[in-house]
Amino acid sequence: MELALNTEKMRARIDDGIGWMTFNNPARHNALSLEMWQAIGDILERFELDDAVRLVVMQGAGGKAFVSGADISEFDAKRSSAEQKAEYARTSARGGRALGSFSKPLIAKIEGYCIGGGLATALNADIRFATPDSTFGIPAARLGLGYDYEGLAKLSRVVGPANARDILFSARLMPADEALRMGLVSFIKERDDIADAVIGYAERVAANAPLTVKAAKAAVDAWEGGGQTADLNAVRQLVNACFDSEDYKEGRRAFKEKRAPQFVGR
């Protein structure tokens with residue numbers, strides 16, 4: 001099922017419990033424009049509220065890039081001063097919050113360039129697949145712009161502070177095998193295989209108990225956020241919901257009956 005959006009630069013659909021979000025600006029290597037940020041918020045809000053969506057895969061159109069970064073062609077008109085930067089940030093903030101707070105598993109399917117804002121976007125994914133020819137980097141130091149704390153903190157948690165410093169200070173581009181070694185990507189699959197690999201992985205996750213998966217993601221996110229009291233309390237509530245759920249009863253029955261469980265998310 002295709003979702004109706006207010007821009008052609010983003011596409012979204014739902015197939016068998018998997019939500020697909022596609023950055024559809026291939027002429028600019030899927031560089032993110034403000035209208036795309038707005039659509040990201042719209043798409044993820046709908047996926048969040050739809051119980052039929054068990055997880056989401058995000059990908060870039062055209063095969064040359066996941067996301068190459070922000071659409072720099074907008075910068076002179078929309079991001080050329082501190083005041084305009086603040087307005088730009090307010091406009092894109094909803095999409096960024098939707099990516100960062102999405103409660104369901106988020107997978108990134110990366111083919112080609114994943115640079116700057118594209119890498120920051122991919123870092124919101126829980127699992128990242130990439131092709132061997134994918135390229136990663138944050139060239140901010142070659143543009144003179146700055147990155148806010150939240151994105152750089154996430155990068156540091158994923159790859160470690162030493163690797164984060166190297167990526168940021170050198171502004172160099174990295175091949176996929178190096179990104180894999182430092183934990184920036186989870187799996188590398190050949191171009192001919194990556195679609196099937198992502199779908200197979202997504203189907204495996206979608207077949208699992210949604211409440212358990214949601215609680216697990218919340219727990220890992222809480223650890224990444226330093227174990228704040230409110231986050232830990234939220235995790236406890238999610239764990240308790242698992243034990244009180246019909247899915248937990250179904251899981252026990254299926255185990256005894258030696259069959260695959262049929263989870264419904266409640």
# chains A, B, ... in the order shown; residues from 1 in each chain; ligands from 1
>>> residues_around(residues="Ala98 in chain A", least_positions_apart="2", cutoff="9 Å", atoms="only C-alpha atoms", output="PyMOL selection string")
chain A and resi 40-42+44-45+93-96+100-102
>>> write_last_selection(atoms="N, CA and C atoms", output="PDB file, in the first residue's frame")
ATOM      1  N   ILE A  40       9.409  13.150   6.073  1.00  0.00           N
ATOM      2  CA  ILE A  40       9.938  12.128   6.987  1.00  0.00           C
ATOM      3  C   ILE A  40       9.099  12.095   8.253  1.00  0.00           C
ATOM      4  N   GLY A  41       8.797  13.278   8.799  1.00  0.00           N
ATOM      5  CA  GLY A  41       7.951  13.327   9.996  1.00  0.00           C
ATOM      6  C   GLY A  41       6.574  12.763   9.747  1.00  0.00           C
ATOM      7  N   ASP A  42       5.983  13.096   8.596  1.00  0.00           N
ATOM      8  CA  ASP A  42       4.647  12.591   8.266  1.00  0.00           C
ATOM      9  C   ASP A  42       4.644  11.065   8.140  1.00  0.00           C
ATOM     10  N   LEU A  44       6.844   8.725   9.285  1.00  0.00           N
ATOM     11  CA  LEU A  44       7.130   7.973  10.508  1.00  0.00           C
ATOM     12  C   LEU A  44       6.001   8.096  11.529  1.00  0.00           C
ATOM     13  N   GLU A  45       5.309   9.221  11.525  1.00  0.00           N
ATOM     14  CA  GLU A  45       4.149   9.347  12.409  1.00  0.00           C
ATOM     15  C   GLU A  45       3.080   8.326  12.042  1.00  0.00           C
ATOM     16  N   ALA A  93      13.324  19.902  12.399  1.00  0.00           N
ATOM     17  CA  ALA A  93      13.387  19.250  13.712  1.00  0.00           C
ATOM     18  C   ALA A  93      12.359  18.134  13.867  1.00  0.00           C
ATOM     19  N   ARG A  94      11.161  18.332  13.307  1.00  0.00           N
ATOM     20  CA  ARG A  94      10.130  17.302  13.469  1.00  0.00           C
ATOM     21  C   ARG A  94      10.568  15.991  12.842  1.00  0.00           C
ATOM     22  N   GLY A  95      11.141  16.060  11.624  1.00  0.00           N
ATOM     23  CA  GLY A  95      11.631  14.848  10.990  1.00  0.00           C
ATOM     24  C   GLY A  95      12.760  14.213  11.775  1.00  0.00           C
ATOM     25  N   GLY A  96      13.654  15.049  12.293  1.00  0.00           N
ATOM     26  CA  GLY A  96      14.753  14.519  13.091  1.00  0.00           C
ATOM     27  C   GLY A  96      14.276  13.862  14.371  1.00  0.00           C
ATOM     28  N   GLY A 100      14.680   9.950  15.577  1.00  0.00           N
ATOM     29  CA  GLY A 100      15.358   9.638  16.828  1.00  0.00           C
ATOM     30  C   GLY A 100      14.486   8.971  17.867  1.00  0.00           C
ATOM     31  N   SER A 101      13.170   9.201  17.798  1.00  0.00           N
ATOM     32  CA  SER A 101      12.279   8.662  18.831  1.00  0.00           C
ATOM     33  C   SER A 101      11.407   7.514  18.333  1.00  0.00           C
ATOM     34  N   PHE A 102      11.600   7.091  17.093  1.00  0.00           N
ATOM     35  CA  PHE A 102      10.766   6.028  16.538  1.00  0.00           C
ATOM     36  C   PHE A 102      10.896   4.772  17.390  1.00  0.00           C
TER      37      PHE A 102
END
>>> residues_around(residues="Ala52 in chain A", least_positions_apart="2", cutoff="7 Å", atoms="only C-alpha atoms", output="JSON, numbers by chain")
{"A": [17, 50, 54]}
>>> closest_residue(among="A:Leu184, A:Ala202, A:Ile138, A:Leu32", to="Leu123 in chain A", atoms="only C-alpha atoms")
A:Leu184
>>> select_by_dssp(residues="range 14-173 of chain A", states="strand (DSSP E)", output="ChimeraX atom specification")
/A:14-15,18-23,55-60,65-67,106-110,113-115,127-130,135-137
>>> atom_distance(atom1="CA of Ile110 in chain A", atom2="CA of Leu168 in chain A")
20.5 Å
>>> closest_residue(among="A:Gly225, A:Gly60, A:Gly137, A:Pro261", to="Ile167 in chain A", atoms="only C-alpha atoms")
A:Gly137
>>> residues_around(residues="Gly69 in chain A", least_positions_apart="4", cutoff="7 Å", atoms="only C-alpha atoms", output="number ranges by chain")
A: 31-32, 115-118
>>> write_last_selection(atoms="C-alpha atoms", output="PDB file, in the first residue's frame")
ATOM      1  CA  ALA A  31      20.205  15.172  -0.668  1.00  0.00           C
ATOM      2  CA  LEU A  32      17.688  16.131   2.006  1.00  0.00           C
ATOM      3  CA  ILE A 115      27.692  11.250   3.740  1.00  0.00           C
ATOM      4  CA  GLY A 116      27.177  14.137   6.157  1.00  0.00           C
ATOM      5  CA  GLY A 117      23.500  14.448   6.942  1.00  0.00           C
ATOM      6  CA  GLY A 118      23.031  11.094   5.225  1.00  0.00           C
TER       7      GLY A 118
END
>>> select_by_dssp(residues="range 64-250 of chain A", states="helix (DSSP H, G or I)", output="number ranges by chain")
A: 72-78, 82-101, 117-122, 139-142, 149-159, 161-170, 176-181, 191-206, 210-224, 229-243, 246-250
>>> write_last_selection(atoms="C-alpha atoms", output="compact mmCIF listing (two decimals), in the first residue's frame")
# COMPACT_ATOMS: atom_id res chain seq x y z
CA ILE A 72 23.36 22.46 -0.23
CA SER A 73 21.59 24.19 -3.11
CA GLU A 74 19.15 25.50 -0.47
CA PHE A 75 21.85 26.91 1.81
CA ASP A 76 22.30 30.33 0.20
CA ALA A 77 18.59 31.03 0.38
CA LYS A 78 17.65 29.14 3.54
CA ALA A 82 22.65 32.02 12.19
CA GLU A 83 19.05 33.27 12.03
CA GLN A 84 18.29 31.25 8.93
CA LYS A 85 20.06 28.24 10.44
CA ALA A 86 17.67 28.45 13.40
CA GLU A 87 14.65 28.55 11.10
CA TYR A 88 16.02 25.67 9.02
CA ALA A 89 16.55 23.69 12.22
CA ARG A 90 13.00 24.33 13.41
CA THR A 91 11.59 23.17 10.08
CA SER A 92 13.66 19.98 9.98
CA ALA A 93 13.39 19.25 13.71
CA ARG A 94 10.13 17.30 13.47
CA GLY A 95 11.63 14.85 10.99
CA GLY A 96 14.75 14.52 13.09
CA ARG A 97 12.74 13.88 16.24
CA ALA A 98 10.64 11.29 14.42
CA LEU A 99 13.79 9.42 13.38
CA GLY A 100 15.36 9.64 16.83
CA SER A 101 12.28 8.66 18.83
CA GLY A 117 23.50 14.45 6.94
CA GLY A 118 23.03 11.09 5.22
CA LEU A 119 25.29 9.41 7.74
CA ALA A 120 23.55 11.26 10.55
CA THR A 121 20.24 9.94 9.19
CA ALA A 122 21.58 6.38 8.93
CA PRO A 139 32.85 16.39 5.33
CA ALA A 140 31.70 19.26 7.57
CA ALA A 141 35.27 20.44 8.16
CA ARG A 142 35.62 21.05 4.42
CA TYR A 149 25.87 17.69 20.02
CA GLU A 150 23.16 15.08 19.58
CA GLY A 151 24.35 13.78 16.23
CA LEU A 152 28.01 13.68 17.22
CA ALA A 153 27.19 11.98 20.52
CA LYS A 154 25.37 9.25 18.59
CA LEU A 155 28.33 8.83 16.25
CA SER A 156 30.69 8.55 19.23
CA ARG A 157 28.51 5.92 20.90
CA VAL A 158 28.39 3.83 17.72
CA VAL A 159 32.04 3.94 16.62
CA PRO A 161 35.29 8.57 20.47
CA ALA A 162 38.63 7.87 18.77
CA ASN A 163 36.99 6.87 15.49
CA ALA A 164 34.52 9.75 15.77
CA ARG A 165 37.39 12.22 16.10
CA ASP A 166 39.10 10.74 13.04
CA ILE A 167 35.90 10.92 10.97
CA LEU A 168 35.21 14.52 11.98
CA PHE A 169 38.75 15.97 12.01
CA SER A 170 39.92 14.42 8.73
CA ALA A 176 32.30 -0.02 3.55
CA ASP A 177 34.77 -2.56 4.93
CA GLU A 178 36.27 0.06 7.25
CA ALA A 179 32.79 1.17 8.30
CA LEU A 180 31.99 -2.45 9.14
CA ARG A 181 35.13 -2.83 11.26
CA ARG A 191 24.33 -5.26 -4.74
CA ASP A 192 22.55 -8.28 -6.19
CA ASP A 193 21.89 -9.67 -2.72
CA ILE A 194 21.18 -6.70 -0.47
CA ALA A 195 17.47 -6.37 -1.24
CA ASP A 196 16.76 -10.03 -0.41
CA ALA A 197 19.01 -9.86 2.66
CA VAL A 198 17.20 -6.81 4.03
CA ILE A 199 13.76 -8.28 3.32
CA GLY A 200 14.74 -11.60 4.91
CA TYR A 201 16.04 -9.87 8.02
CA ALA A 202 12.99 -7.60 8.21
CA GLU A 203 10.61 -10.55 7.89
CA ARG A 204 12.45 -12.31 10.71
CA VAL A 205 12.06 -9.28 12.98
CA ALA A 206 8.43 -8.76 11.94
CA PRO A 210 6.32 -6.67 18.79
CA LEU A 211 6.06 -5.74 22.46
CA THR A 212 9.28 -7.60 23.27
CA VAL A 213 11.12 -5.93 20.39
CA LYS A 214 9.80 -2.51 21.43
CA ALA A 215 10.92 -3.04 25.03
CA ALA A 216 14.36 -4.18 23.87
CA LYS A 217 14.83 -1.12 21.66
CA ALA A 218 13.71 1.17 24.48
CA ALA A 219 16.18 -0.47 26.87
CA VAL A 220 19.14 -0.05 24.50
CA ASP A 221 18.09 3.55 23.79
CA ALA A 222 17.88 4.22 27.52
CA TRP A 223 21.41 2.88 27.98
CA GLU A 224 22.65 5.10 25.16
CA THR A 229 15.22 7.74 35.52
CA ALA A 230 12.28 8.53 33.26
CA ASP A 231 13.69 6.31 30.50
CA LEU A 232 14.29 3.43 32.90
CA ASN A 233 10.75 3.71 34.28
CA ALA A 234 9.39 3.62 30.73
CA VAL A 235 11.40 0.48 30.01
CA ARG A 236 10.04 -1.21 33.15
CA GLN A 237 6.49 -0.46 32.02
CA LEU A 238 7.19 -1.90 28.58
CA VAL A 239 8.70 -5.05 30.11
CA ASN A 240 5.70 -5.46 32.40
CA ALA A 241 3.41 -5.07 29.38
CA CYS A 242 5.21 -8.00 27.76
CA PHE A 243 4.52 -10.29 30.71
CA GLU A 246 -1.59 -12.18 25.05
CA ASP A 247 1.57 -12.61 22.99
CA TYR A 248 3.42 -13.98 26.02
CA LYS A 249 0.65 -16.57 26.44
CA GLU A 250 0.85 -17.37 22.72
>>> atom_distance(atom1="CA of Val56 in chain A", atom2="CA of Leu106 in chain A")
5.0 Å
>>> residues_around(residues="Met21 in chain A", least_positions_apart="5", cutoff="10 Å", atoms="only C-alpha atoms", output="PyMOL selection string")
chain A and resi 3+10-14+39-40+43-44+47+56-60+108
>>> atom_distance(atom1="CA of Asp51 in chain A", atom2="CA of Glu2 in chain A")
16.4 Å
